[in-house]
Every structure is written in C-alpha cells, then in structure tokens.
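Structure file my_file_7.cif (mmCIF, C-alpha atoms (C1' of nucleotides)) follows.
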```cif
data_run
#
loop_
_atom_site.group_PDB
_atom_site.id
_atom_site.type_symbol
_atom_site.label_atom_id
_atom_site.label_comp_id
_atom_site.auth_asym_id
_atom_site.auth_seq_id
_atom_site.Cartn_x
_atom_site.Cartn_y
_atom_site.Cartn_z
ATOM 1 C CA MET A 1442 -19.110 1.982 11.474
ATOM 2 C CA ASP A 1443 -18.746 4.694 14.055
ATOM 3 C CA LYS A 1444 -21.184 7.587 13.607
ATOM 4 C CA ARG A 1445 -18.413 10.095 13.597
ATOM 5 C CA TRP A 1446 -16.590 8.429 10.733
ATOM 6 C CA GLN A 1447 -19.778 8.046 8.792
ATOM 7 C CA ARG A 1448 -20.260 11.768 9.251
ATOM 8 C CA VAL A 1449 -16.725 12.569 8.137
ATOM 9 C CA PHE A 1450 -17.327 10.596 4.984
ATOM 10 C CA THR A 1451 -20.626 12.321 4.321
ATOM 11 C CA LEU A 1452 -19.244 15.792 4.929
ATOM 12 C CA LEU A 1453 -16.306 15.307 2.632
ATOM 13 C CA SER A 1454 -18.449 13.686 -0.053
ATOM 14 C CA GLU A 1455 -20.773 16.655 -0.034
ATOM 15 C CA MET A 1456 -17.884 19.050 -0.100
ATOM 16 C CA TYR A 1457 -16.170 17.328 -3.018
ATOM 17 C CA PRO A 1458 -19.033 15.746 -4.952
ATOM 18 C CA ASP A 1459 -16.882 15.132 -7.989
ATOM 19 C CA ALA A 1460 -13.677 14.018 -6.360
ATOM 20 C CA ARG A 1461 -12.032 11.554 -8.701
ATOM 21 C CA CYS A 1462 -8.764 10.670 -10.325
ATOM 22 C CA GLU A 1463 -7.647 13.795 -12.174
ATOM 23 C CA LEU A 1464 -5.389 11.994 -14.586
ATOM 24 C CA ASN A 1465 -6.687 11.721 -18.151
ATOM 25 C CA TYR A 1466 -6.627 8.221 -19.591
ATOM 26 C CA GLU A 1467 -8.591 5.869 -21.793
ATOM 27 C CA THR A 1468 -7.160 2.483 -20.868
ATOM 28 C CA PRO A 1469 -5.617 0.847 -17.808
ATOM 29 C CA PHE A 1470 -2.270 0.941 -19.560
ATOM 30 C CA GLU A 1471 -2.533 4.689 -20.085
ATOM 31 C CA LEU A 1472 -3.468 5.131 -16.451
ATOM 32 C CA LEU A 1473 -0.436 3.110 -15.412
ATOM 33 C CA ILE A 1474 1.888 5.335 -17.428
ATOM 34 C CA ALA A 1475 0.172 8.523 -16.272
ATOM 35 C CA THR A 1476 0.367 7.422 -12.659
ATOM 36 C CA ILE A 1477 4.069 6.691 -12.905
ATOM 37 C CA LEU A 1478 4.532 10.168 -14.380
ATOM 38 C CA SER A 1479 2.531 11.812 -11.609
ATOM 39 C CA ALA A 1480 5.057 11.301 -8.815
ATOM 40 C CA GLN A 1481 6.135 14.645 -7.343
ATOM 41 C CA CYS A 1482 4.202 16.466 -10.013
ATOM 42 C CA THR A 1483 0.673 17.721 -10.532
ATOM 43 C CA ASP A 1484 -1.861 15.751 -12.522
ATOM 44 C CA GLN A 1485 -2.446 18.826 -14.647
ATOM 45 C CA ARG A 1486 1.154 18.794 -15.780
ATOM 46 C CA VAL A 1487 0.941 15.102 -16.614
ATOM 47 C CA ASN A 1488 -2.238 15.750 -18.580
ATOM 48 C CA ILE A 1489 -0.411 18.266 -20.730
ATOM 49 C CA ILE A 1490 2.050 15.747 -22.102
ATOM 50 C CA THR A 1491 0.045 12.533 -22.187
ATOM 51 C CA PRO A 1492 -2.103 13.195 -25.270
ATOM 52 C CA ARG A 1493 0.955 13.234 -27.505
ATOM 53 C CA LEU A 1494 2.656 10.488 -25.552
ATOM 54 C CA PHE A 1495 -0.338 8.164 -25.769
ATOM 55 C CA GLN A 1496 -0.756 8.914 -29.422
ATOM 56 C CA ARG A 1497 2.757 7.767 -30.128
ATOM 57 C CA PHE A 1498 2.970 4.892 -27.622
ATOM 58 C CA ARG A 1499 -0.143 2.763 -27.683
ATOM 59 C CA SER A 1500 1.131 -0.448 -26.156
ATOM 60 C CA PRO A 1501 3.926 -1.660 -23.876
ATOM 61 C CA GLU A 1502 5.757 -2.881 -26.971
ATOM 62 C CA ASP A 1503 5.907 0.657 -28.327
ATOM 63 C CA TYR A 1504 7.898 1.875 -25.347
ATOM 64 C CA LEU A 1505 10.495 -0.824 -25.968
ATOM 65 C CA GLU A 1506 11.247 0.776 -29.329
ATOM 66 C CA VAL A 1507 12.357 4.107 -27.898
ATOM 67 C CA SER A 1508 15.675 4.972 -26.289
ATOM 68 C CA GLN A 1509 15.612 6.019 -22.696
ATOM 69 C CA ASP A 1510 17.187 9.338 -23.652
ATOM 70 C CA GLU A 1511 14.407 10.170 -26.055
ATOM 71 C CA LEU A 1512 11.718 9.130 -23.593
ATOM 72 C CA GLU A 1513 13.350 11.330 -20.975
ATOM 73 C CA ASP A 1514 13.023 14.308 -23.281
ATOM 74 C CA LEU A 1515 9.359 13.581 -23.827
ATOM 75 C CA ILE A 1516 8.547 13.510 -20.131
ATOM 76 C CA ARG A 1517 11.052 16.033 -18.808
ATOM 77 C CA THR A 1518 8.472 18.585 -17.661
ATOM 78 C CA CYS A 1519 7.098 16.117 -15.133
ATOM 79 C CA GLY A 1520 10.342 15.979 -13.202
ATOM 80 C CA LEU A 1521 12.231 12.901 -11.963
ATOM 81 C CA TYR A 1522 12.471 12.102 -15.643
ATOM 82 C CA ARG A 1523 15.369 9.687 -15.391
ATOM 83 C CA ASN A 1524 13.645 7.496 -12.830
ATOM 84 C CA LYS A 1525 10.340 7.707 -14.605
ATOM 85 C CA ALA A 1526 11.734 6.850 -18.017
ATOM 86 C CA ARG A 1527 13.559 3.878 -16.525
ATOM 87 C CA SER A 1528 10.415 2.826 -14.678
ATOM 88 C CA ILE A 1529 8.219 3.045 -17.760
ATOM 89 C CA ILE A 1530 10.584 1.075 -19.941
ATOM 90 C CA GLY A 1531 11.295 -1.512 -17.263
ATOM 91 C CA CYS A 1532 7.631 -1.790 -16.544
ATOM 92 C CA CYS A 1533 6.765 -2.364 -20.186
ATOM 93 C CA ARG A 1534 9.496 -4.963 -20.527
ATOM 94 C CA VAL A 1535 7.959 -6.989 -17.708
ATOM 95 C CA LEU A 1536 4.431 -6.433 -18.997
ATOM 96 C CA VAL A 1537 5.456 -7.849 -22.351
ATOM 97 C CA ARG A 1538 7.530 -10.689 -20.949
ATOM 98 C CA ASP A 1539 5.325 -11.840 -18.077
ATOM 99 C CA PHE A 1540 1.844 -10.455 -18.658
ATOM 100 C CA GLN A 1541 1.263 -10.735 -22.413
ATOM 101 C CA GLY A 1542 1.357 -6.962 -22.563
ATOM 102 C CA VAL A 1543 -1.787 -6.671 -20.467
ATOM 103 C CA VAL A 1544 -1.894 -4.623 -17.275
ATOM 104 C CA PRO A 1545 -2.698 -6.993 -14.398
ATOM 105 C CA ARG A 1546 -5.709 -6.252 -12.231
ATOM 106 C CA ASP A 1547 -4.427 -7.326 -8.840
ATOM 107 C CA LEU A 1548 -2.274 -5.346 -6.450
ATOM 108 C CA VAL A 1549 0.395 -8.010 -6.015
ATOM 109 C CA SER A 1550 1.063 -8.316 -9.743
ATOM 110 C CA LEU A 1551 0.975 -4.560 -10.218
ATOM 111 C CA GLU A 1552 3.496 -4.034 -7.437
ATOM 112 C CA SER A 1553 5.797 -6.595 -8.993
ATOM 113 C CA LEU A 1554 6.295 -4.248 -11.942
ATOM 114 C CA PRO A 1555 9.470 -2.169 -11.838
ATOM 115 C CA GLY A 1556 8.722 1.397 -10.824
ATOM 116 C CA VAL A 1557 5.310 0.489 -9.454
ATOM 117 C CA GLY A 1558 5.010 0.700 -5.694
ATOM 118 C CA ARG A 1559 2.074 0.635 -3.299
ATOM 119 C CA LYS A 1560 0.580 3.957 -4.334
ATOM 120 C CA THR A 1561 0.802 3.483 -8.068
ATOM 121 C CA ALA A 1562 -0.540 -0.052 -7.783
ATOM 122 C CA ALA A 1563 -3.474 1.098 -5.665
ATOM 123 C CA VAL A 1564 -4.324 3.977 -7.979
ATOM 124 C CA VAL A 1565 -4.326 1.763 -11.055
ATOM 125 C CA ALA A 1566 -6.157 -1.140 -9.446
ATOM 126 C CA SER A 1567 -8.867 1.039 -7.969
ATOM 127 C CA ASN A 1568 -9.434 3.469 -10.819
ATOM 128 C CA ALA A 1569 -8.950 1.200 -13.793
ATOM 129 C CA PHE A 1570 -10.401 -2.006 -12.383
ATOM 130 C CA GLY A 1571 -12.567 -0.994 -9.462
ATOM 131 C CA VAL A 1572 -10.491 -3.059 -7.053
ATOM 132 C CA PRO A 1573 -11.033 -1.714 -3.530
ATOM 133 C CA ALA A 1574 -7.730 -0.158 -2.544
ATOM 134 C CA LEU A 1575 -6.672 2.805 -0.525
ATOM 135 C CA ALA A 1576 -3.364 4.286 -1.541
ATOM 136 C CA VAL A 1577 -1.964 6.073 1.464
ATOM 137 C CA ASP A 1578 0.062 8.740 -0.242
ATOM 138 C CA THR A 1579 1.290 11.817 1.584
ATOM 139 C CA HIS A 1580 -2.044 13.629 1.270
ATOM 140 C CA VAL A 1581 -4.077 10.761 2.610
ATOM 141 C CA PHE A 1582 -1.525 10.178 5.323
ATOM 142 C CA ARG A 1583 -1.495 13.783 6.458
ATOM 143 C CA VAL A 1584 -5.244 14.345 6.309
ATOM 144 C CA ALA A 1585 -6.131 11.055 7.961
ATOM 145 C CA ARG A 1586 -3.823 11.825 10.854
ATOM 146 C CA ARG A 1587 -4.903 15.410 11.288
ATOM 147 C CA ILE A 1588 -8.565 14.642 11.519
ATOM 148 C CA GLY A 1589 -7.885 11.839 13.940
ATOM 149 C CA LEU A 1590 -8.955 9.159 11.519
ATOM 150 C CA ALA A 1591 -5.711 7.282 12.178
ATOM 151 C CA ARG A 1592 -2.862 7.464 14.645
ATOM 152 C CA GLY A 1593 -0.259 5.251 13.013
ATOM 153 C CA ASP A 1594 3.041 6.844 12.147
ATOM 154 C CA THR A 1595 3.580 5.008 8.876
ATOM 155 C CA PRO A 1596 1.452 4.882 5.731
ATOM 156 C CA GLU A 1597 1.047 1.122 6.204
ATOM 157 C CA LYS A 1598 -0.393 1.516 9.681
ATOM 158 C CA VAL A 1599 -2.681 4.306 8.578
ATOM 159 C CA GLU A 1600 -3.882 2.234 5.671
ATOM 160 C CA ALA A 1601 -4.704 -0.653 7.974
ATOM 161 C CA GLU A 1602 -6.576 1.599 10.394
ATOM 162 C CA VAL A 1603 -8.612 3.359 7.756
ATOM 163 C CA CYS A 1604 -9.462 0.146 5.964
ATOM 164 C CA ALA A 1605 -10.618 -1.290 9.268
ATOM 165 C CA ILE A 1606 -13.010 1.612 9.810
ATOM 166 C CA TYR A 1607 -14.544 1.983 6.363
ATOM 167 C CA PRO A 1608 -16.220 -0.757 4.319
ATOM 168 C CA ARG A 1609 -14.488 -1.821 1.133
ATOM 169 C CA GLU A 1610 -17.112 -0.226 -1.083
ATOM 170 C CA GLN A 1611 -16.109 3.178 0.246
ATOM 171 C CA TRP A 1612 -12.349 2.894 -0.028
ATOM 172 C CA ILE A 1613 -12.007 4.293 -3.499
ATOM 173 C CA GLU A 1614 -14.250 7.269 -2.935
ATOM 174 C CA LEU A 1615 -12.673 7.868 0.465
ATOM 175 C CA HIS A 1616 -9.273 7.862 -1.172
ATOM 176 C CA HIS A 1617 -10.337 10.534 -3.615
ATOM 177 C CA ILE A 1618 -12.079 12.801 -1.166
ATOM 178 C CA LEU A 1619 -9.145 12.673 1.254
ATOM 179 C CA ILE A 1620 -6.782 13.605 -1.556
ATOM 180 C CA TRP A 1621 -8.986 16.450 -2.714
ATOM 181 C CA HIS A 1622 -9.277 17.717 0.817
ATOM 182 C CA GLY A 1623 -5.495 17.566 1.153
ATOM 183 C CA ARG A 1624 -5.044 19.525 -2.038
ATOM 184 C CA ARG A 1625 -7.734 22.101 -1.576
ATOM 185 C CA LEU A 1626 -7.844 22.890 2.122
ATOM 186 C CA CYS A 1627 -5.768 20.625 4.297
ATOM 187 C CA HIS A 1628 -2.421 21.674 2.882
ATOM 188 C CA ALA A 1629 0.819 20.472 4.361
ATOM 189 C CA ARG A 1630 1.945 23.927 5.388
ATOM 190 C CA LYS A 1631 -0.995 26.250 5.700
ATOM 191 C CA PRO A 1632 -4.265 24.409 5.975
ATOM 192 C CA ASP A 1633 -7.331 26.578 5.551
ATOM 193 C CA CYS A 1634 -9.118 25.510 8.691
ATOM 194 C CA GLU A 1635 -11.593 28.386 8.434
ATOM 195 C CA GLN A 1636 -13.261 26.694 5.492
ATOM 196 C CA CYS A 1637 -12.986 23.179 6.822
ATOM 197 C CA PRO A 1638 -16.181 21.441 7.956
ATOM 198 C CA LEU A 1639 -14.031 19.015 9.901
ATOM 199 C CA ALA A 1640 -12.293 21.641 11.981
ATOM 200 C CA ALA A 1641 -14.636 21.121 14.913
ATOM 201 C CA ASP A 1642 -13.539 17.521 15.177
ATOM 202 C CA CYS A 1643 -9.942 18.050 14.181
ATOM 203 C CA ASP A 1644 -7.232 17.772 16.824
ATOM 204 C CA GLN A 1645 -5.014 20.157 14.987
ATOM 205 C CA ALA A 1646 -7.494 22.714 13.775
ATOM 206 C CA ILE A 1647 -6.020 26.140 13.688
ATOM 207 C CA SER A 1648 -8.247 28.903 14.905
ATOM 208 C CA GLY A 1649 -6.164 31.771 13.574
ATOM 209 C CA SER A 1650 -5.188 32.039 9.964
ATOM 210 C CA ALA A 1651 -1.583 31.526 9.018
ATOM 211 C CA ARG A 1652 -0.102 29.334 11.698
ATOM 212 C CA GLU A 1653 1.714 26.205 10.734
ATOM 213 C CA VAL A 1654 0.635 22.718 11.548
ATOM 214 C CA SER A 1655 2.565 19.546 12.026
ATOM 215 C CA VAL A 1656 2.112 16.117 10.452
ATOM 216 C "C1'" DA B 937 14.351 28.687 -0.486
ATOM 217 C "C1'" DT B 938 11.390 24.910 0.086
ATOM 218 C "C1'" DC B 939 8.124 21.469 -0.714
ATOM 219 C "C1'" DC B 940 5.633 18.007 -3.583
ATOM 220 C "C1'" DC B 941 -0.260 12.471 -4.801
ATOM 221 C "C1'" DG B 942 6.878 8.009 -5.083
ATOM 222 C "C1'" DA B 943 10.228 4.239 -5.668
ATOM 223 C "C1'" DG B 944 14.489 2.087 -5.432
ATOM 224 C "C1'" DG B 945 18.756 1.652 -3.518
ATOM 225 C "C1'" DG B 946 22.384 1.860 0.188
ATOM 226 C "C1'" DC C 1236 15.786 4.055 8.105
ATOM 227 C "C1'" DC C 1237 17.786 7.538 5.099
ATOM 228 C "C1'" DC C 1238 19.099 9.147 0.736
ATOM 229 C "C1'" DT C 1239 18.552 10.555 -4.073
ATOM 230 C "C1'" DC C 1240 16.290 12.027 -8.090
ATOM 231 C "C1'" DT C 1241 13.609 16.564 -11.011
ATOM 232 C "C1'" DG C 1242 10.782 20.512 -12.665
ATOM 233 C "C1'" DG C 1243 7.435 23.465 -11.225
ATOM 234 C "C1'" DA C 1244 4.578 25.932 -7.906
ATOM 235 C "C1'" DT C 1245 4.580 28.994 -4.112
#
```

Structure rendered as structure tokens:
Amino acid sequence: MDKRWQRVFTLLSEMYPDARCELNYETPFELLIATILSAQCTDQRVNIITPRLFQRFRSPEDYLEVSQDELEDLIRTCGLYRNKARSIIGCCRVLVRDFQGVVPRDLVSLESLPGVGRKTAAVVASNAFGVPALAVDTHVFRVARRIGLARGDTPEKVEAEVCAIYPREQWIELHHILIWHGRRLCHARKPDCEQCPLAADCDQAISGSAREVSV
DNA sequence: ATCCCGAGGG
DNA sequence: CCCTCTGGAT
C-alpha cells in the first residue's frame, strides 16, 4: 500500500484510538434492529430507546406480534418511524420465513432483507460477524473524497477505490475511523481543519476558520 | 431554516 | 436519477 495511505490510516487510528460502532447491542439481531433505527438519527438517540425495545422484543418472532402502529410509537423519537417500523417488521418476517429466525452473516443475504440496504448490511456484517466490509455512508463518502482517498462521485465507486487501496483486515477499522473523523472534525458544513492532522494533505483544507467546503 | 451514519419507490 | 419520509440537533 502507498506510504501516504498507510500514514493516513495511522494518523486517524492514533487520533481515534477507540473508534467503534457506537450502537449498543448484545446480539447480531439487536445490532440489525439498532442499525435500521439509526438512519438519519444519532446512535445516542437509538441507544436511549433500545434497552426497553430489546427487553420486550427478543427475537424476530416477537416483532411479528406487534402492530405497526404500536411499533411506530415505540421508535418515534428516532425519526422516519413509519419506514423503520415497516422495515423492521418486514425484515423479521423474512428472517423467520427464510432464515430460521437467524440473522445471516453474508452481505448478499443481509441485503435481501426488506429495509436493509448496502450500509446496514455492511454495518451488521462487519460489526456482528467480523466480515470485512466498508459501508460507504455519507460520512465515509465525504471524508474519503475530501482527503483525496477517492475520486469517484458515487458511494459505489468510492467503496471500490478504498477497498482497492486498503487490505481487507483494515476495512472495518478504517470504516470506523473515517466515520468518527466525519463526526468530530470533518463535518459536512464546517470542518474543523485547524485540528485536523490530515489538513496538510487535504485538497480542500480550509486555512481560515468558518468557510464552507464542498463535497 | 437546514441538514442528517438510508432505503424504497416512481 | 430524483423524490419522500421524520425527529432532533444546530
């Protein structure tokens, strides 16, 4: 691997030594539900409601016993509650019908579940099962492009580029440190380039303070 | 007011 | 490809 990209990885790892999935979960199934809930919402907010949710719903079968309306009320504070409730119930239906109620470990099967797309599948596969996967969500996309790690204009292209640069064993950690960087410093609107160890190498580094940045 | 760690549908 | 769906944070 290119020295520069090795250095980027090292710098970010040192900066965010405990970057990890911030969702609280005990089982792959809980992670699947939590990840579905996390769309357009902070992990902290998901973590507020999941203890009670997981206490009441322990298996995919349990979610088939509840009405969508009631489930919507239970998850309302996470936003997009209609979609998410539908996704969770649909997902559990398929898990029960086609997967013996067990969350599959591979990306293809995970993505076949209703309400589970590329990002959710990658998050579950990598965090719950250690499957090398890099979910190019908006943070990863933005950060990877800003620091010149990838040039592609779609998440798919960026994913391919990044996966080509870094060895599989680093994908999961890379995913987490890019996300943390995106959340802590490399914000969509006002990135804090003053604090960023990557600014020297970054095409879009802002020297001043509050200017806006594209991508 | 505006944006967000997404997915499905038109 | 573009739209919609949501509450919450800023």

Subject >> Coordinates-based distance that separates atom CA of A:Glu1600 from atom CA of A:Leu1575 (Å, one decimal) >> reply: 6.8 Å

Subject >> Test item: the PyMOL selection byres ((chain C) within 9 of (chain A)) resolved as a ChimeraX atom specification >> reply: /C:1240-1243

Mind writing the picked residues with C-alpha atoms (C1' of nucleotides) as a PDB file, keeping the file's coordinate frame?
```
ATOM      1  C1'  DC C1240      16.290  12.027  -8.090  1.00  0.00           C
ATOM      2  C1'  DT C1241      13.609  16.564 -11.011  1.00  0.00           C
ATOM      3  C1'  DG C1242      10.782  20.512 -12.665  1.00  0.00           C
ATOM      4  C1'  DG C1243       7.435  23.465 -11.225  1.00  0.00           C
TER       5       DG C1243
END
```

Original post:
How would you write, as a list of chain:residue names, the residues chosen by the PyMOL selection byres ((chain A) within 9 of (chain B)) on this structure?
Top reply: A:Ile1477, A:Ser1479, A:Ala1480, A:Gln1481, A:Cys1482, A:Thr1483, A:Asp1484, A:Asn1524, A:Pro1555, A:Gly1556, A:Val1557, A:Gly1558, A:Arg1559, A:Lys1560, A:Thr1561, A:Asp1578, A:Thr1579, A:His1580, A:Val1581, A:Ile1620, A:Arg1624, A:Ala1629

**OP:** Record the distance separating atom CA of A:Pro1492 and atom CA of A:Leu1615, expressed in Å with one decimal.
**Re:**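 These two atoms are separated by 28.3 Å.
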
**OP:** Run the PyMOL selection byres ((chain A and resi 1445) around 12) on the file and write out the hits as a ChimeraX atom specification.
**Re:** /A:1442-1444,1446-1452,1588-1590,1606-1607,1639,1641-1643

Build an axis-aligned box that encloses every atom of stretch 1453-1458 of chain A listed in the file, pad it by 4 Å on each side, and report its centre and edge lengths in Å to one decimal, as AutoDock Vina command-line options.
```
--center_x -18.5 --center_y 16.4 --center_z -1.2 --size_x 12.6 --size_y 13.4 --size_z 15.6
```
